[in-house]
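As stored in structure-v6.cif (mmCIF, C-alpha atoms):
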data_upload
#
loop_
_atom_site.label_atom_id
_atom_site.label_comp_id
_atom_site.auth_asym_id
_atom_site.auth_seq_id
_atom_site.Cartn_x
_atom_site.Cartn_y
_atom_site.Cartn_z
CA MET A 1 84.28 45.19 108.10
CA ASN A 2 86.25 42.65 106.08
CA THR A 3 84.71 39.39 104.92
CA ILE A 4 86.65 37.15 107.33
CA VAL A 5 85.63 39.16 110.39
CA SER A 6 82.05 39.48 109.13
CA LYS A 7 81.70 35.72 108.76
CA ALA A 8 83.24 35.13 112.17
CA VAL A 9 80.87 37.57 113.86
CA LYS A 10 77.89 35.91 112.17
CA VAL A 11 79.02 32.57 113.62
CA LEU A 12 79.22 34.11 117.10
CA LEU A 13 75.70 35.49 116.84
CA LEU A 14 74.10 32.10 116.14
CA ALA A 15 71.51 31.11 118.76
CA THR A 16 72.98 28.69 121.25
CA PRO A 17 71.25 25.35 121.95
CA LEU A 18 72.79 25.25 125.42
CA VAL A 19 71.23 26.56 128.61
CA LEU A 20 73.63 28.09 131.11
CA SER A 21 72.89 26.99 134.65
CA GLY A 22 75.81 28.36 136.60
CA CYS A 23 79.29 29.81 136.48
CA ILE A 24 81.90 31.70 138.49
CA PHE A 25 83.71 34.52 136.74
CA LEU A 26 87.33 35.54 136.54
CA THR A 27 88.01 38.79 138.38
CA ALA A 28 90.88 41.27 138.40
CA ASP A 29 91.43 40.64 142.12
CA GLN A 30 92.30 36.98 141.89
CA LEU A 31 92.39 34.12 139.43
CA GLN A 32 89.37 31.86 139.76
CA SER A 33 87.53 29.13 137.93
CA LEU A 34 84.93 29.69 135.26
CA LYS A 35 82.40 26.86 135.50
CA PHE A 36 79.58 25.95 133.17
CA PHE A 37 77.04 23.29 134.02
CA LEU A 38 74.98 22.96 130.88
CA LYS A 39 72.31 20.87 129.27
CA THR A 40 71.87 20.73 125.53
CA GLY A 41 68.48 21.77 124.20
CA ASP A 42 69.39 20.61 120.69
CA PRO A 43 72.22 18.42 119.42
CA LEU A 44 75.59 20.13 118.93
CA PRO A 45 76.57 19.29 115.33
CA ALA A 46 79.94 17.68 114.75
CA GLY A 47 82.43 19.98 113.06
CA GLN A 48 80.52 23.17 113.89
CA LEU A 49 81.48 25.86 116.39
CA THR A 50 78.63 26.73 118.75
CA GLU A 51 78.70 29.60 121.22
CA VAL A 52 77.93 28.43 124.76
CA TYR A 53 78.44 31.70 126.59
CA SER A 54 79.71 35.27 126.21
CA SER A 55 80.30 38.30 128.37
CA ILE A 56 81.89 41.74 128.29
CA TYR A 57 85.07 42.20 130.33
CA PRO A 58 85.08 45.90 131.30
CA MET A 59 88.74 45.95 132.33
CA GLN A 60 92.01 44.51 131.16
CA LEU A 61 92.88 41.25 132.92
CA LYS A 62 96.54 40.37 133.30
CA LEU A 63 96.35 36.81 132.05
CA LYS A 64 99.47 36.78 129.88
CA ASN A 65 101.82 33.87 130.73
CA ASN A 66 99.33 32.28 133.10
CA TRP A 67 98.13 28.72 132.51
CA VAL A 68 94.61 27.89 131.38
CA LYS A 69 93.34 24.46 132.52
CA VAL A 70 90.20 23.19 130.83
CA GLN A 71 88.42 20.05 131.93
CA GLY A 72 84.95 18.61 132.06
CA GLN A 73 82.68 15.73 131.19
CA LEU A 74 79.92 14.79 128.77
CA GLY A 75 77.16 12.88 130.56
CA ILE A 76 76.44 10.37 127.78
CA ASP A 77 75.34 6.84 128.68
CA ASN A 78 76.40 5.26 125.38
CA PRO A 79 80.19 5.65 124.79
CA ALA A 80 79.66 4.98 121.10
CA LYS A 81 77.92 8.37 120.82
CA LEU A 82 80.84 10.33 122.26
CA PRO A 83 82.78 12.70 120.01
CA SER A 84 86.46 11.78 119.88
CA LYS A 85 87.56 15.34 120.59
CA ILE A 86 86.16 18.73 121.58
CA GLN A 87 87.62 21.96 120.29
CA LEU A 88 87.26 24.90 122.68
CA GLU A 89 87.82 28.46 121.48
CA ILE A 90 87.70 31.67 123.49
CA VAL A 91 87.29 34.47 120.96
CA SER A 92 88.05 38.05 121.98
CA ILE A 93 86.09 40.65 119.98
CA ASP A 94 85.98 44.43 120.21
CA SER A 95 82.45 45.17 121.42
CA LYS A 96 82.17 48.32 119.27
CA THR A 97 84.03 47.60 116.02
CA GLU A 98 83.51 43.77 116.06
CA ARG A 99 87.22 43.34 115.32
CA ILE A 100 88.56 39.96 116.45
CA TYR A 101 91.66 40.43 118.58
CA ASP A 102 92.54 36.92 119.57
CA ARG A 103 91.48 33.26 119.50
CA PHE A 104 92.57 30.96 122.31
CA LYS A 105 92.14 27.44 120.95
CA LEU A 106 92.44 24.12 122.78
CA ILE A 107 91.81 20.58 121.53
CA LEU A 108 90.44 18.21 124.21
CA VAL A 109 90.54 14.43 123.77
CA VAL A 110 87.36 12.77 125.09
CA LYS A 111 87.90 9.54 127.05
CA ASP A 112 85.51 6.59 127.22
CA ASP A 113 83.93 7.93 130.42
CA GLY A 114 83.21 11.28 128.74
CA THR A 115 85.90 13.22 130.59
CA PHE A 116 88.33 15.58 128.89
CA SER A 117 91.17 17.85 130.04
CA ALA A 118 94.08 19.90 128.74
CA ILE A 119 96.26 22.80 129.87
CA LYS A 120 97.86 25.58 127.83
CA LYS A 121 99.63 28.87 128.50
CA PHE A 122 97.70 32.09 127.84
CA LYS A 123 99.82 34.26 125.51
CA LYS A 124 97.88 37.55 125.69
CA ASN A 125 95.93 39.74 128.09
CA LEU A 126 92.20 40.30 127.68
CA ARG A 127 91.60 43.77 126.27
CA PRO A 128 89.29 46.31 127.91
CA GLU A 129 85.70 46.36 126.64
CA THR A 130 86.02 43.18 124.61
CA LEU A 131 83.44 40.45 124.20
CA GLN A 132 84.74 37.07 125.31
CA SER A 133 82.82 34.37 123.46
CA PHE A 134 83.19 30.70 124.46
CA MET A 135 82.81 28.36 121.50
CA VAL A 136 82.62 24.54 121.48
CA LYS A 137 83.01 22.23 118.46
CA PRO A 138 82.54 18.43 118.76
CA ILE A 139 84.85 16.42 116.49
CA GLY A 140 83.95 12.96 115.17
CA ALA A 141 80.35 12.85 116.45
CA LYS A 142 77.67 15.28 117.57
CA ILE A 143 76.73 15.86 121.20
CA PRO A 144 73.14 14.56 121.47
CA ALA A 145 70.25 16.66 122.77
CA LYS A 146 69.63 16.70 126.54
CA THR A 147 73.25 15.84 127.26
CA LYS A 148 74.62 17.18 130.54
CA VAL A 149 77.86 19.05 129.96
CA ALA A 150 80.33 20.17 132.62
CA LEU A 151 82.97 22.64 131.45
CA CYS A 152 85.44 24.19 133.92
CA ILE A 153 88.04 26.73 132.85
CA GLU A 154 90.69 27.52 135.44
CA VAL A 155 93.47 30.12 135.25
CA VAL A 156 96.55 29.57 137.44
CA LYS A 157 99.93 31.21 137.71
CA LYS A 158 101.83 27.91 137.73
CA LYS A 159 101.00 24.73 135.83
CA GLY A 160 101.17 22.60 138.98
CA GLU A 161 98.55 24.73 140.76
CA ALA A 162 95.71 23.54 138.51
CA SER A 163 93.00 21.23 139.87
CA LYS A 164 93.37 17.50 139.36
CA ASN A 165 91.65 15.84 136.41
CA GLY A 166 88.20 14.51 137.18
CA THR A 167 87.13 17.33 139.50
CA CYS A 168 84.66 18.77 136.98
CA THR A 169 81.86 16.30 136.32
CA ALA A 170 78.52 16.34 134.52
CA ASN A 171 76.63 15.38 137.68
CA GLY A 172 77.10 18.90 139.01
CA GLY A 173 80.56 18.53 140.55
CA GLY A 174 83.51 20.80 140.08
CA GLY A 175 86.59 21.60 142.10
CA GLY A 176 86.20 24.52 144.43
CA SER A 177 82.43 24.36 144.81
CA SER A 178 81.00 25.95 147.89
CA SER A 179 79.79 23.98 150.91
CA GLY A 180 77.67 26.92 152.12
CA ASN A 181 74.03 27.77 151.57
CA VAL A 182 72.49 28.74 148.24
CA VAL A 183 70.36 31.90 148.28
CA THR A 184 68.06 32.39 145.28
CA VAL A 185 67.25 35.76 143.74
CA GLU A 186 64.47 35.64 141.16
CA ILE A 187 64.70 37.77 138.03
CA VAL A 188 61.15 38.88 137.36
CA ASP A 189 60.16 41.41 134.70
CA ASN A 190 62.79 44.16 135.14
CA ALA A 191 63.40 43.56 138.86
CA PHE A 192 65.42 41.39 141.25
CA GLU A 193 63.40 39.72 144.04
CA PRO A 194 64.44 40.09 146.77
CA GLN A 195 66.32 43.24 145.88
CA SER A 196 68.74 42.87 148.80
CA VAL A 197 69.97 39.65 150.45
CA GLN A 198 72.22 38.98 153.42
CA ILE A 199 74.55 35.96 153.28
CA ASN A 200 77.62 34.54 155.00
CA PRO A 201 81.05 33.94 153.49
CA GLY A 202 80.97 30.61 151.64
CA ASP A 203 77.35 31.07 150.56
CA THR A 204 76.30 31.15 146.92
CA VAL A 205 73.82 33.56 145.34
CA ARG A 206 71.88 32.02 142.46
CA TRP A 207 69.95 34.31 140.12
CA THR A 208 67.08 32.52 138.34
CA LEU A 209 64.95 33.87 135.50
CA THR A 210 61.25 33.50 136.33
CA GLY A 211 59.81 36.47 134.42
CA GLY A 212 59.03 36.70 130.73
CA SER A 213 61.37 39.62 129.93
CA LEU A 214 64.79 38.63 128.49
CA ASN A 215 68.21 40.22 127.93
CA HIS A 216 68.93 40.68 131.63
CA THR A 217 72.36 40.64 133.27
CA THR A 218 73.61 40.60 136.83
CA THR A 219 76.64 42.88 136.76
CA ALA A 220 78.67 43.94 139.80
CA MET A 221 79.30 47.65 140.35
CA ASN A 222 82.94 46.82 141.16
CA SER A 223 83.25 44.61 138.03
CA SER A 224 83.93 41.47 140.10
CA TRP A 225 81.29 39.52 138.14
CA ASP A 226 79.16 39.87 135.03
CA SER A 227 76.71 37.20 133.92
CA GLY A 228 76.40 38.50 130.37
CA PHE A 229 73.06 37.69 128.71
CA ALA A 230 72.73 34.34 130.46
CA PHE A 231 68.98 34.60 130.99
CA GLN A 232 67.53 33.65 127.62
CA VAL A 233 65.06 30.95 128.68
CA SER A 234 62.83 30.51 131.72
CA GLY A 235 64.72 28.78 134.51
CA ALA A 236 68.19 29.86 133.31
CA THR A 237 70.50 30.61 136.22
CA PHE A 238 73.78 32.30 137.05
CA GLU A 239 75.52 31.86 140.38
CA ARG A 240 78.47 33.21 142.31
CA THR A 241 80.05 32.00 145.53
CA PHE A 242 81.31 34.64 147.97
CA THR A 243 84.41 33.94 150.04
CA ALA A 244 86.05 35.15 153.24
CA ALA A 245 87.65 37.94 151.19
CA ASP A 246 84.14 39.39 150.77
CA ASP A 247 83.30 39.32 154.50
CA GLY A 248 82.00 42.65 155.78
CA LYS A 249 81.27 44.01 152.31
CA THR A 250 78.00 45.11 150.74
CA LEU A 251 78.26 44.58 147.00
CA GLN A 252 75.91 46.39 144.63
CA TYR A 253 74.91 45.05 141.23
CA PHE A 254 72.58 45.91 138.37
CA CYS A 255 71.13 44.76 135.06
CA SER A 256 73.13 46.49 132.33
CA THR A 257 70.07 46.54 130.06
CA HIS A 258 67.43 47.76 132.49
CA GLN A 259 69.18 49.85 135.14
CA ALA A 260 68.73 53.19 133.39
CA CYS A 261 65.09 52.69 132.43
CA CYS A 262 63.78 50.62 135.34
CA GLN A 263 66.31 50.95 138.21
CA MET A 264 66.86 47.20 138.00
CA GLN A 265 69.54 46.80 140.67
CA GLY A 266 70.24 44.99 143.91
CA SER A 267 72.75 44.33 146.68
CA ILE A 268 74.38 41.52 148.64
CA GLN A 269 75.48 41.94 152.26
CA ILE A 270 78.19 39.43 153.17
CA GLY A 271 78.69 38.72 156.86
CA GLN A 272 77.18 40.22 160.00
CA GLY A 273 79.32 43.36 159.81
CA ALA A 274 78.29 44.37 156.29
CA PRO A 275 76.81 47.88 156.10
CA PRO A 276 73.28 48.42 154.80
CA PRO A 277 72.96 49.06 151.05
CA PRO A 278 72.37 52.61 149.76
CA PRO A 279 68.80 53.62 148.86
CA GLY A 280 67.55 51.95 145.71
CA TYR A 281 69.70 48.83 146.17
#

Representation of the structure as structure tokens:
Amino acid sequence: MNTIVSKAVKVLLLATPLVLSGCIFLTADQLQSLKFFLKTGDPLPAGQLTEVYSSIYPMQLKLKNNWVKVQGQLGIDNPAKLPSKIQLEIVSIDSKTERIYDRFKLILVVKDDGTFSAIKKFKKNLRPETLQSFMVKPIGAKIPAKTKVALCIEVVKKKGEASKNGTCTANGGGGGSSSGNVVTVEIVDNAFEPQSVQINPGDTVRWTLTGGSLNHTTTAMNSSWDSGFAFQVSGATFERTFTAADDGKTLQYFCSTHQACCQMQGSIQIGQGAPPPPPGY
């Protein structure tokens, strides 16, 4: 591995001071929003890239020539403490060779109320089996500890289809959020509890780490979502909202780390007509 790639990979492997509390993933079926509602455990240093999330995309997503809209807000009471800009990078890395394929970079100007937004065209497709790492760098000032951070990344086919500015806020908002119920699945030591849940279209499933074992994922069998290693601290969550397109389906999922050893897997029945899950799910 050459020196440049080696240094870049070392940066990506730094422990993150952010705690992921929820997101919705891009899928191959349709373009959606990727939403992070975060809270800093430690300050984010000015001028330093910090990884806030990463996940493996198991298939190639046709994102070339689509528009990427990024917006959000820093929940800081004192405007004097706001960084002037935030640099967002999405780094695509081969999960086996650690080769860096692409960097999607966007500079976001932070306004006095903490909001930021920008839109840019995606020039390449995501490669199969690549690690997508989301990096944030404050410019001008650090982001203080215990700061609420909202970060919404939206992919649209046309520039005018993107959500309006101000729809992704640090108080838990975000365009496209569900008005349905939230069903919680606890991640205990190497098991999902309950293992199977039944919901309605519009409901959200929220996985919450309550056990002491780490390095769990919630990964769909049909690749429609993958939390990555979001569950690194007690109370960390990942959530997904299921729509009318999922009505009548029973979706199976698993932990990519503990399925083989511990049969850590589960299922979600959406709608009254959804069939029962197979044994073991």

Checklist entry - At what distance in Å, to one decimal, does atom CA of Thr237 of chain A lie from atom CA of Val205 of chain A? => result 10.1 Å

Next on the checklist: Using Å and a single decimal, report how far atom CA of Phe231 of chain A sits from atom CA of Ile187 of chain A.
Outcome noted: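 If I compute the distance from atom CA of Ile187 of chain A to atom CA of Phe231 of chain A, I get 8.8 Å.
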
Next on the checklist: I want to know what sits within 10 Å of Gln272 of chain A, based on all atoms listed in the file, with residues of the same chain fewer than 6 positions away left out; could you give that as a ChimeraX atom specification?
Outcome noted: /A:198-201,247-249

Item to check | Near-Gln263 of chain A list (8 Å; all atoms listed in the file; drop same-chain fewer than 3 positions) as number ranges by chain | outcome: A: 191, 258-260, 280

For a cut-off of 12 Å around (73.1, 50.2, 157.0), file coordinates, pick out all residues using all atoms listed in the file and list them as a PDB file with C-alpha atoms, in the coordinates of the input.
ATOM      1  CA  SER A 196      68.740  42.870 148.800  1.00  0.00           C
ATOM      2  CA  GLN A 198      72.220  38.980 153.420  1.00  0.00           C
ATOM      3  CA  GLY A 248      82.000  42.650 155.780  1.00  0.00           C
ATOM      4  CA  LYS A 249      81.270  44.010 152.310  1.00  0.00           C
ATOM      5  CA  THR A 250      78.000  45.110 150.740  1.00  0.00           C
ATOM      6  CA  SER A 267      72.750  44.330 146.680  1.00  0.00           C
ATOM      7  CA  GLN A 269      75.480  41.940 152.260  1.00  0.00           C
ATOM      8  CA  GLN A 272      77.180  40.220 160.000  1.00  0.00           C
ATOM      9  CA  GLY A 273      79.320  43.360 159.810  1.00  0.00           C
ATOM     10  CA  ALA A 274      78.290  44.370 156.290  1.00  0.00           C
ATOM     11  CA  PRO A 275      76.810  47.880 156.100  1.00  0.00           C
ATOM     12  CA  PRO A 276      73.280  48.420 154.800  1.00  0.00           C
ATOM     13  CA  PRO A 277      72.960  49.060 151.050  1.00  0.00           C
ATOM     14  CA  PRO A 278      72.370  52.610 149.760  1.00  0.00           C
ATOM     15  CA  PRO A 279      68.800  53.620 148.860  1.00  0.00           C
ATOM     16  CA  TYR A 281      69.700  48.830 146.170  1.00  0.00           C
TER      17      TYR A 281
END

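Here atom CA of Ala236 of chain A is placed at a distance of 8.4 Å from atom CA of Thr210 of chain A.
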
Next on the checklist: Could you list, as a ChimeraX atom specification, every residue within 12 Å of Thr257 of chain A, counting all atoms listed in the file and ignoring same-chain residues fewer than 3 positions away?
Outcome noted: /A:190-191,213-219,228-229,254,260-265

Store the residues picked out above in a file with C-alpha atoms, as a compact mmCIF listing (two decimals), in the coordinates of the input.
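Full text of part.txt as output:
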# COMPACT_ATOMS: atom_id res chain seq x y z
CA ASN A 190 62.79 44.16 135.14
CA ALA A 191 63.40 43.56 138.86
CA SER A 213 61.37 39.62 129.93
CA LEU A 214 64.79 38.63 128.49
CA ASN A 215 68.21 40.22 127.93
CA HIS A 216 68.93 40.68 131.63
CA THR A 217 72.36 40.64 133.27
CA THR A 218 73.61 40.60 136.83
CA THR A 219 76.64 42.88 136.76
CA GLY A 228 76.40 38.50 130.37
CA PHE A 229 73.06 37.69 128.71
CA PHE A 254 72.58 45.91 138.37
CA ALA A 260 68.73 53.19 133.39
CA CYS A 261 65.09 52.69 132.43
CA CYS A 262 63.78 50.62 135.34
CA GLN A 263 66.31 50.95 138.21
CA MET A 264 66.86 47.20 138.00
CA GLN A 265 69.54 46.80 140.67

Checklist entry - Which one is closest to Ser133 of chain A: A:Ser234, A:Ser256, A:Ser95, A:Ser163? Count only C-alpha atoms. => result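 With only C-alpha atoms as the atom set, the closest residue is A:Ser95.
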
Next on the checklist: Please list as number ranges by chain every residue within 10 Å of Gly160 of chain A, counting all atoms listed in the file and excluding residues in the same chain fewer than 4 positions away.
Outcome noted: A: 67, 156, 164

Next on the checklist: Running the PyMOL selection byres ((chain A and resi 142) around 7) on this model by hand, what would come out? Give it as JSON, numbers by chain.
Outcome noted: {"A": [43, 44, 45, 46, 83, 138, 141, 143, 144]}

Next on the checklist: Using only C-alpha atoms for the distances, tell me which of A:Lys62, A:Gly47, A:Leu108, A:Thr147 is nearest to Lys81 of chain A.
Outcome noted: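 Between A:Lys62, A:Gly47, A:Leu108, A:Thr147, the residue approaching Lys81 of chain A most closely is A:Thr147.
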
Checklist entry - So, counting all atoms listed in the file, which residue among A:Asp42, A:Glu193, A:Asp102, A:Glu89 is closest to Met135 of chain A? => result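 Using all atoms listed in the file, the shortest distance to Met135 of chain A belongs to A:Glu89.
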